[in-house]
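These notes are about the structure you will find just below.
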Amino acid sequence: MNNNNIFIELKNIRKIFPGVVALKNVDFDVRYGEVHALVGENGAGKSTLIKILGGAYQPDGGEIIIEGKSVTIGSTSMAQHFKIAVIYQEFNLVPDLSVAENIFIGREPKIGKSFINWRKINNDAAEILKKLEIDINPRKFISDLSVAEKQMVEIAKSLSMNAKLIIMDEPTATLTEKEVLKLFSIIKELKAKGVSIIYISHRLDEAFKLSDRITVLRDGRKIETKKTPETNQDEIVSLMVGKVVKDYFIGKKERIDEKEIIMEVKNYNIADSIHDLNFKLYKGEILGFAGVLGSGIHHLLRSLYGASQKTSGEVYFEGKKVEINNPSEAINLGIGYVTEDRKGEGLLYDMSVLQNLSIIIIKTLTFLKGLFIRQKNELAIFNKMANELDIKYANVNQRIIYLSGGNQQKVIMGRTLVSECKVLILLEPTRGIDVGAKAEIHKIMVELANKGISIIMASSELPELVNLTDRCIVLYKGKFAAEFNRKNMNEEELVAAEIGKLSYEVN
Amino acid sequence: MDDSKVKFTPKQRAGNFLSSFGLIVILLIIFGFFSSLIPKLYFTWPNFRDMIRFSTYVGIGAIGMTFLIMTGNFDISVGSMLALAGVIGASIAIKIGGFIGVIITIIIATLLGFINGIFVTKLKIPAFITTLGMMFIFRAIAYIYTNNVPQYIQDRFWIFLGNGSFLGLPLPIYIMAICYLIAYLMLKKAPIGRYILAVGTNSKAAALSGIHVDNVKILVFTLVGVFVGVAAVLNSSMLGAANPGMMGDGYEFQVITAVVLGGTALSGGSGSLGGTLLAALIIIFLKSGMSNAQVNSYWQQVATGVVLILAVSLNKLKFWLIGQTQ
């Protein structure tokens with residue numbers, strides 16, 4: 001290999017966190033114009049590695065060489081100086097600034113020395129967005145954008161920096177199929193221009209479609225770097241998990257014949273997002289909700305949990321009409337909710353793993369009329385759930401932020417599961433989770449349903465909807481578009497319904 | 001995790017040391033410094049006993065503030081609250097009796113804290129503005145109520161609370177110990193402690209976990225009132241009067257300094273009662289040392305201000321050493 005081809009090289013990189021060695025002597029390099037896929041299970045060290053590249057973390061040992069020179073990436077702005085752009089899963093955008101300001105943040109075109117050239121900043125931003133075929137007004141505030149739109153702004157931002165290396169952490173997790181294709185064509189274009197890309201994804205087929213080489217991390221170690229044409233998905237998966245995972249979707253559950261309705265929603269309306277929706281939820285059923293951005297599904301599920309308010313409509317729970325005004329009332333009825341926004345509204349950062357898991361049920365684990373916590377019971381419940389969900393942690397008093405993303409997600413799910421709900425609302429339950437953990441979560445869902453728990457799941461992953469749900473309701477712009485069941489489930493029709501091309505009820 | 005035993009870098013070890021023992025070291029340095037500078041005045045049992053006795057006034061008041069700052073809020077009306085509750089309670093004590101006066105003092109302060117909580121949560125007025133306004137309102141009402149006449153405490157029970165001894169130790173120390181014990185149990189052993197931490201660290205996640213975030217905040221503002229009420233009883237007892245103008249002057253500053261120096265993050269989410277207690281001692285040990293060494297009172301204020309700013313930088317240093325990103 002000609003060393004001149006290498007843009008950046010990492011040698012013997014080590015990173016230690018309290019209680020965890022995140023990276024153990026990792027070697028890694030990226031060539032010019034290469035798409036280098038980085039794969040591994042949750043907790044393998046991918047996030048730590050890219051944070052080191054992005055200047056957010058400092059390694060505790062090892063060397064970083066950029067274009068032949070040994071360097072220190074001491075801060076995020078130094079990463080920018082080295083033309084490295086990182087698009088994190090959890091975005092780095094300022095919500096109260098406009099799209100254009102975010103794209104050029106720190107590099108705003110000026111009039112004189114002090115005043116931002118608004119005309120230029122907006123025009124330049126519009127040009128970049130146009131190049132990416134993204135239809136977003138550069139004057140819009142970030143806080144008004146959807147998750148997918150924010151992602152596109154992140155990509156535009158790194159393009160505007162003329163980055164030589166763009167690191168994409170799970171870029172497609174929140175995108176629709178169409179947006180994914182757009183992203184792929186952009187990546188190919190960048191590659192042709194000599195830009196290097198580190199592509200992190202749990203979707204192996206994407207890694208194979210895009211990459212030149214694939215590096216597998218496991219438990220903070222580099223396992224291997226393979227040339228993509230010389231390997232296959234099975235090999236990579238077995239390198240990732242250390243064992244061969246065969247079945248992606250396990251044990252579809254028995255079809256329930258007795259149709260006992262647990263929850264029914266009638267004439268449901270939410271201002272600007274849901275219009276005249278009716279649906280039933282049966283006991284022990286997995287009901288999927290599918291829809292692209294603007295379908296209103298998230299608003300619907302939030303309001304069913306009482307986290308936001310409906311405009312009108314009725315909800316019946318176990319045959320009784322109920323009004324759910326806040327999450328506490330939903331929990332008391334037996335409705336659980338797992339957010340898709342782990343960072344924003346899931347994690348209790350400053351609290352321990354144990355405290356994060358027990359927060360919903362803590363008031364029931366008490367003696368002396370709710371005054372004191374029965375700490376033994378709390379620990380017992382934690383251990384049981386940690387066992388069931390296979391949560392990996394160093395000790396129960398460890399702060400939750402020191403767990404890997406996948407394990408954090410399991411704690412957040414466990415938090416709701418310990419409340420022994422009858423209806424479980426799951427939003428994007430496997431977003432940003434690796435193959436192994438994904439199968440685990442699916443298995444848990446099936447087991448819960450078999451136990452008689454009804455699950456409402458919103459997902460943007462087609463295979464998940466098609467293979468896991470008993471029924472799937474498609475919403476388009478807040479209205480009912482189609483419904484599928486096990487017998488007539490059809491991926492193409494489902495996608496067509498999602499984008500408003502199909503509007504009928506299948507029975 | 002298999003082979004990932006807890007290993008700390010030297011930097012992280014320094015950070016851990018700083019967060020565990022930093023305050024004790026500071027306290028010992030201050031005590032040692034003044035003890036060697038003015039041993040006859042400072043390094044004596046009566047002085048030591050008095051310093052601890054006076055520290056209860058800040059130490060107890062800072063308990064509620066620790067909870068409040070943990071939820072990401074703060075209250076700068078506590079000095080005026082102390083005065084208003086104190087003068088009303090003292091006037092009742094003159095008319096009806098000391099025991100009732102003490103109870104009324106605590107109830108009034110509790111009520112004032114509750115009012116602050118309602119304004120901040122239900123009317124959505126930022127804590128800074130609400131409590132700044134209340135700082136003036138409470139103080140003004142204290143003047144109006146008393147016509148600017150100090151309310152002398154002559155009731156023996158009330159006097160005893162702040163000045164009596166039990167087993168050779170001043171009574172306020174026992175009262176403070178009880179307050180800290182109750183607060184510790186609330187924070188560590190009761191669900192409410194979890195709710196306070198949860199609201200402070202991520203109020204959206206707390207709300208989705210079924211916690212009534214507003215109610216927790218109101219409760220915490222109310223708790224500030226409860227502990228300020230206890231501090232008001234002790235303070236007026238030690239001084240022999242509740243003075244509408246002088247009582248609690250600069251109290252909010254001392255209390256907030258104690259909480260922040262004690263390691264509670266102003267952004268909420270984490271904090272320590274033990275730290276608050278140590279910090280309250282530091283403030284009083286420093287103040288007493290400077291007074292005994294006849295440092296000009298304006299320079300004393302400069303020193304206290306420096307301590308507050310140092311406290312915040314010490315916290316930052318600690319987090320930087322441990323390598324925490326949030």
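Naming works like this for the structure tokens: A, B, ... for the chains as they're shown, residue 1 at the start of each chain, ligands 1 onward in shown order.
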
Open item on the list: When you look at Ala207 of chain A with a cut-off of 9 Å (counting only C-alpha atoms), what residues show up, excluding the ones that are within fewer than 3 positions of it in the same chain? I need them as a list in words.
Closed with: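 With the cut-off at 9 Å, the set is Val35, His36, Ala37, Leu38, Val39, Tyr199, Ile200, Ser201, His202, Arg203, Leu204, Leu210, Ser211, Asp212, Arg213, Ile214 and Thr228 of chain A.
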
Selection export as a PDB file, in the first residue's frame, atoms kept: C-alpha atoms:
ATOM      1  CA  VAL A  35     -15.778   5.174   2.159  1.00  0.00           C
ATOM      2  CA  HIS A  36     -14.710   3.293   5.228  1.00  0.00           C
ATOM      3  CA  ALA A  37     -17.501   1.584   7.115  1.00  0.00           C
ATOM      4  CA  LEU A  38     -17.140   1.229  10.869  1.00  0.00           C
ATOM      5  CA  VAL A  39     -19.305  -1.449  12.380  1.00  0.00           C
ATOM      6  CA  TYR A 199     -19.682   5.546   7.609  1.00  0.00           C
ATOM      7  CA  ILE A 200     -21.153   4.091  10.768  1.00  0.00           C
ATOM      8  CA  SER A 201     -24.318   2.117  10.384  1.00  0.00           C
ATOM      9  CA  HIS A 202     -26.129  -0.782  11.902  1.00  0.00           C
ATOM     10  CA  ARG A 203     -27.585  -1.501   8.488  1.00  0.00           C
ATOM     11  CA  LEU A 204     -24.983  -3.800   7.047  1.00  0.00           C
ATOM     12  CA  LEU A 210     -21.262   2.055  -0.077  1.00  0.00           C
ATOM     13  CA  SER A 211     -17.958   1.117   1.420  1.00  0.00           C
ATOM     14  CA  ASP A 212     -14.507   0.246   0.111  1.00  0.00           C
ATOM     15  CA  ARG A 213     -13.362  -1.211   3.384  1.00  0.00           C
ATOM     16  CA  ILE A 214     -15.073  -2.313   6.574  1.00  0.00           C
ATOM     17  CA  THR A 228     -15.549  -4.928   1.167  1.00  0.00           C
TER      18      THR A 228
END

TODO: Return as an NGL selection string the full set of residues in segment 75-202 of chain A whose backbone-based DSSP assignment is helix (DSSP H, G or I).
DONE: :A and (76-81 or 99-103 or 118-131 or 142-144 or 147-160 or 177-192)

- [ ] Write out as a list in words all residues of segment 80-122 of chain A that backbone DSSP assigns to strand (DSSP E).
- [x]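 Of segment 80-122 of chain A, the ones in strand (DSSP E) are Ile84, Ala85, Val86, Ile87, Lys110, Ile111, Phe115 and Ile116 of chain A.
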
Write the selection just made, keeping C-alpha atoms, as an mmCIF file, in the first residue's frame?
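And here is the file that came out, part-v1.cif:
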data_model
loop_
_atom_site.group_PDB
_atom_site.id
_atom_site.type_symbol
_atom_site.label_atom_id
_atom_site.label_comp_id
_atom_site.auth_asym_id
_atom_site.auth_seq_id
_atom_site.Cartn_x
_atom_site.Cartn_y
_atom_site.Cartn_z
ATOM 1 C CA ILE A 84 -12.767 16.729 9.667
ATOM 2 C CA ALA A 85 -16.527 17.000 10.034
ATOM 3 C CA VAL A 86 -18.556 14.758 12.283
ATOM 4 C CA ILE A 87 -22.278 14.319 11.899
ATOM 5 C CA LYS A 110 -19.528 39.287 7.172
ATOM 6 C CA ILE A 111 -20.011 42.838 6.015
ATOM 7 C CA PHE A 115 -22.062 42.409 10.769
ATOM 8 C CA ILE A 116 -23.370 39.199 9.283
#

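Comparing A:Glu230, A:Glu108, A:Glu133, A:Asp27 by their smallest distance to Leu183 of chain A, the closest is A:Glu133 (using only C-alpha atoms).
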
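You will find atom CA of Leu462 of chain A at 8.5 Å from atom CA of Ala290 of chain A.
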
How close does each residue of chain A get to chain B, giving the shortest atom pair and distance in Å to one decimal for every residue with an atom at most 7 Å away, counting only C-alpha atoms, sorted by chain and residue number, as a Markdown table?
| residue | atom | partner | partner_atom | distance |
| --- | --- | --- | --- | --- |
| A:Pro18 | CA | B:Phe8 | CA | 6.1 |
| A:Gly19 | CA | B:Val6 | CA | 3.9 |
| A:Val20 | CA | B:Ser4 | CA | 5.2 |
| A:Val21 | CA | B:Ser4 | CA | 5.5 |
| A:Ala307 | CA | B:Leu208 | CA | 6.8 |
| A:Pro327 | CA | B:Gly210 | CA | 4.8 |
| A:Ser328 | CA | B:Gly210 | CA | 3.9 |
| A:Ile331 | CA | B:Gly210 | CA | 6.8 |
| A:Glu345 | CA | B:Ala205 | CA | 4.2 |
| A:Gly346 | CA | B:Ala205 | CA | 4.8 |
| A:Leu347 | CA | B:Ala205 | CA | 6.5 |
| A:Leu348 | CA | B:Asn202 | CA | 5.6 |
| A:Tyr349 | CA | B:Thr201 | CA | 6.2 |
| A:Asp350 | CA | B:Gly269 | CA | 5.8 |
| A:Ile359 | CA | B:Ser209 | CA | 6.8 |
| A:Ile360 | CA | B:Ser209 | CA | 5.2 |
| A:Ile362 | CA | B:Pro191 | CA | 6.1 |
| A:Lys363 | CA | B:Pro191 | CA | 5.8 |
| A:Leu371 | CA | B:Ala190 | CA | 5.6 |
| A:Phe372 | CA | B:Ala190 | CA | 4.4 |
| A:Ile373 | CA | B:Ala190 | CA | 5.4 |
| A:Lys392 | CA | B:Met1 | CA | 6.6 |
| A:Tyr393 | CA | B:Met1 | CA | 6.5 |
| A:Ala394 | CA | B:Met1 | CA | 6.0 |

- [ ] Grab the atom CA of Ile455 of chain A to atom CA of Val495 of chain A distance for me, in Å with one decimal place.
- [x]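 Value for the atom CA of Ile455 of chain A-atom CA of Val495 of chain A distance: 21.7 Å.
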
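Near segment 25-28 of chain B, within a cut-off of 12 Å and counting only C-alpha atoms, sit the residues B:Phe17, B:Leu18, B:Ser19, B:Ser20, B:Phe33, B:Phe34, B:Ser35, B:Ser36, B:Leu261, B:Gly262, B:Gly275, B:Leu277, B:Leu278, B:Ala279, B:Ala280, B:Leu281, B:Ile282, B:Ile283, B:Ile284, B:Phe285, B:Leu286, B:Gly289, B:Val307, B:Leu310, B:Ala311, B:Leu314, with same-chain residues fewer than 5 positions away left out.
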
May I have a table of the residues of segment 31-94 of chain B lying at most 9 Å from segment 219-235 of chain B, giving each one's closest pair of atoms and their distance in Å to one decimal, counting only C-alpha atoms, ordered by chain and ascending residue number, as JSON lines?
{"residue": "B:Phe54", "atom": "CA", "partner": "B:Asn235", "partner_atom": "CA", "distance": 8.3}
{"residue": "B:Thr56", "atom": "CA", "partner": "B:Ala231", "partner_atom": "CA", "distance": 7.4}
{"residue": "B:Tyr57", "atom": "CA", "partner": "B:Ala231", "partner_atom": "CA", "distance": 5.1}
{"residue": "B:Val58", "atom": "CA", "partner": "B:Ala231", "partner_atom": "CA", "distance": 7.4}
{"residue": "B:Gly59", "atom": "CA", "partner": "B:Ala231", "partner_atom": "CA", "distance": 8.4}
{"residue": "B:Ile60", "atom": "CA", "partner": "B:Ala231", "partner_atom": "CA", "distance": 6.0}
{"residue": "B:Gly61", "atom": "CA", "partner": "B:Val228", "partner_atom": "CA", "distance": 4.7}
{"residue": "B:Ala62", "atom": "CA", "partner": "B:Phe227", "partner_atom": "CA", "distance": 7.8}
{"residue": "B:Ile63", "atom": "CA", "partner": "B:Phe227", "partner_atom": "CA", "distance": 6.8}
{"residue": "B:Gly64", "atom": "CA", "partner": "B:Val224", "partner_atom": "CA", "distance": 3.9}
{"residue": "B:Met65", "atom": "CA", "partner": "B:Val224", "partner_atom": "CA", "distance": 5.7}
{"residue": "B:Thr66", "atom": "CA", "partner": "B:Val224", "partner_atom": "CA", "distance": 8.6}
{"residue": "B:Phe67", "atom": "CA", "partner": "B:Val220", "partner_atom": "CA", "distance": 6.3}
{"residue": "B:Leu68", "atom": "CA", "partner": "B:Val220", "partner_atom": "CA", "distance": 5.6}
{"residue": "B:Thr71", "atom": "CA", "partner": "B:Val220", "partner_atom": "CA", "distance": 8.2}
{"residue": "B:Asn73", "atom": "CA", "partner": "B:Phe221", "partner_atom": "CA", "distance": 8.8}
{"residue": "B:Phe74", "atom": "CA", "partner": "B:Phe221", "partner_atom": "CA", "distance": 8.5}
{"residue": "B:Asp75", "atom": "CA", "partner": "B:Phe221", "partner_atom": "CA", "distance": 7.9}
{"residue": "B:Val78", "atom": "CA", "partner": "B:Val228", "partner_atom": "CA", "distance": 6.8}
{"residue": "B:Gly79", "atom": "CA", "partner": "B:Val228", "partner_atom": "CA", "distance": 8.5}
{"residue": "B:Met81", "atom": "CA", "partner": "B:Val228", "partner_atom": "CA", "distance": 7.4}
{"residue": "B:Leu82", "atom": "CA", "partner": "B:Ala232", "partner_atom": "CA", "distance": 5.2}
{"residue": "B:Ala83", "atom": "CA", "partner": "B:Ala232", "partner_atom": "CA", "distance": 7.2}
{"residue": "B:Ala85", "atom": "CA", "partner": "B:Gly229", "partner_atom": "CA", "distance": 6.6}
{"residue": "B:Gly86", "atom": "CA", "partner": "B:Ala232", "partner_atom": "CA", "distance": 5.4}
{"residue": "B:Gly89", "atom": "CA", "partner": "B:Val233", "partner_atom": "CA", "distance": 8.3}
{"residue": "B:Ala90", "atom": "CA", "partner": "B:Val233", "partner_atom": "CA", "distance": 8.7}

Mind writing the picked residues with N, CA and C atoms as a tab-separated table (two decimals), in the first residue's frame?
chain	number	residue	atom	x	y	z
B	54	PHE	N	-23.09	29.41	65.16
B	54	PHE	CA	-23.53	30.39	64.17
B	54	PHE	C	-23.67	29.78	62.77
B	56	THR	N	-25.05	27.18	62.03
B	56	THR	CA	-26.35	26.51	61.84
B	56	THR	C	-27.31	27.41	61.06
B	57	TYR	N	-27.16	28.71	61.26
B	57	TYR	CA	-28.07	29.65	60.61
B	57	TYR	C	-27.94	29.56	59.08
B	58	VAL	N	-26.71	29.48	58.60
B	58	VAL	CA	-26.50	29.30	57.16
B	58	VAL	C	-26.74	27.83	56.78
B	59	GLY	N	-26.22	26.95	57.60
B	59	GLY	CA	-26.28	25.52	57.29
B	59	GLY	C	-27.70	25.01	57.13
B	60	ILE	N	-28.58	25.40	58.02
B	60	ILE	CA	-29.97	24.92	57.93
B	60	ILE	C	-30.68	25.55	56.74
B	61	GLY	N	-30.50	26.86	56.59
B	61	GLY	CA	-31.15	27.54	55.46
B	61	GLY	C	-30.71	26.98	54.12
B	62	ALA	N	-29.48	26.47	54.07
B	62	ALA	CA	-28.94	26.00	52.79
B	62	ALA	C	-29.47	24.61	52.40
B	63	ILE	N	-30.14	23.93	53.33
B	63	ILE	CA	-30.65	22.60	53.00
B	63	ILE	C	-31.72	22.69	51.89
B	64	GLY	N	-32.71	23.53	52.14
B	64	GLY	CA	-33.77	23.69	51.14
B	64	GLY	C	-33.20	24.21	49.84
B	65	MET	N	-32.23	25.13	49.96
B	65	MET	CA	-31.62	25.70	48.75
B	65	MET	C	-30.87	24.63	47.98
B	66	THR	N	-30.27	23.67	48.67
B	66	THR	CA	-29.58	22.58	47.96
B	66	THR	C	-30.59	21.82	47.09
B	67	PHE	N	-31.72	21.48	47.69
B	67	PHE	CA	-32.77	20.79	46.91
B	67	PHE	C	-33.19	21.64	45.71
B	68	LEU	N	-33.41	22.93	45.99
B	68	LEU	CA	-33.92	23.82	44.95
B	68	LEU	C	-32.93	23.94	43.80
B	71	THR	N	-32.83	21.14	41.42
B	71	THR	CA	-33.85	21.10	40.37
B	71	THR	C	-33.60	22.19	39.32
B	73	ASN	N	-33.34	25.48	39.89
B	73	ASN	CA	-33.91	26.78	40.23
B	73	ASN	C	-33.12	27.41	41.36
B	74	PHE	N	-33.40	28.66	41.68
B	74	PHE	CA	-32.85	29.18	42.93
B	74	PHE	C	-33.75	30.28	43.48
B	75	ASP	N	-33.48	30.69	44.68
B	75	ASP	CA	-34.36	31.60	45.39
B	75	ASP	C	-33.49	32.66	46.07
B	78	VAL	N	-34.59	34.53	50.14
B	78	VAL	CA	-34.53	33.88	51.46
B	78	VAL	C	-34.18	34.83	52.61
B	79	GLY	N	-33.35	35.85	52.35
B	79	GLY	CA	-32.99	36.79	53.40
B	79	GLY	C	-34.21	37.55	53.89
B	81	MET	N	-37.28	36.65	53.39
B	81	MET	CA	-38.21	35.64	53.91
B	81	MET	C	-37.93	35.39	55.39
B	82	LEU	N	-36.62	35.27	55.68
B	82	LEU	CA	-36.17	35.04	57.04
B	82	LEU	C	-36.65	36.18	57.95
B	83	ALA	N	-36.49	37.41	57.45
B	83	ALA	CA	-36.87	38.57	58.26
B	83	ALA	C	-38.37	38.63	58.46
B	85	ALA	N	-40.70	36.24	58.23
B	85	ALA	CA	-41.19	35.16	59.09
B	85	ALA	C	-40.76	35.43	60.54
B	86	GLY	N	-39.53	35.91	60.69
B	86	GLY	CA	-39.01	36.16	62.04
B	86	GLY	C	-39.79	37.24	62.77
B	89	GLY	N	-43.36	36.00	63.61
B	89	GLY	CA	-43.32	35.01	64.69
B	89	GLY	C	-42.99	35.65	66.03
B	90	ALA	N	-42.03	36.58	66.00
B	90	ALA	CA	-41.61	37.22	67.25
B	90	ALA	C	-42.74	38.06	67.83

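Between atom CA of Asn47 of chain B and atom CA of Val312 of chain B lies a distance of 29.2 Å.
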
TODO: Show which residues sit within 12 Å of Lys182 of chain A, as a PyMOL selection string. Count only C-alpha atoms, and ignore same-chain residues fewer than 2 positions away.
DONE: chain A and resi 131-134+152+155+171-172+175-180+184-189

Task: Shell around segment 291-296 of chain B at 9 Å using only C-alpha atoms, local window under 6 positions removed, as a PyMOL selection string - done: chain B and resi 34+37-38+41-42

Quick one: write out the picked residues with N, CA and C atoms as a PDB file, in the first residue's frame?
ATOM      1  N   PHE B  34      -5.995  30.522  60.602  1.00  0.00           N
ATOM      2  CA  PHE B  34      -6.380  31.476  61.639  1.00  0.00           C
ATOM      3  C   PHE B  34      -5.933  31.011  63.020  1.00  0.00           C
ATOM      4  N   LEU B  37      -2.470  32.133  63.225  1.00  0.00           N
ATOM      5  CA  LEU B  37      -2.365  33.595  63.163  1.00  0.00           C
ATOM      6  C   LEU B  37      -2.794  34.230  64.488  1.00  0.00           C
ATOM      7  N   ILE B  38      -3.968  33.822  64.962  1.00  0.00           N
ATOM      8  CA  ILE B  38      -4.501  34.411  66.198  1.00  0.00           C
ATOM      9  C   ILE B  38      -4.956  33.294  67.132  1.00  0.00           C
ATOM     10  N   LEU B  41      -7.381  33.935  70.198  1.00  0.00           N
ATOM     11  CA  LEU B  41      -8.764  34.306  69.920  1.00  0.00           C
ATOM     12  C   LEU B  41      -9.509  33.187  69.190  1.00  0.00           C
ATOM     13  N   TYR B  42      -8.785  32.494  68.331  1.00  0.00           N
ATOM     14  CA  TYR B  42      -9.459  31.597  67.383  1.00  0.00           C
ATOM     15  C   TYR B  42      -9.422  30.154  67.836  1.00  0.00           C
TER      16      TYR B  42
END

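Residue nearest Gly33 of chain A, chosen from A:Gly405, A:Gln151, A:Pro59, A:Ile166 and counting only C-alpha atoms: A:Ile166.
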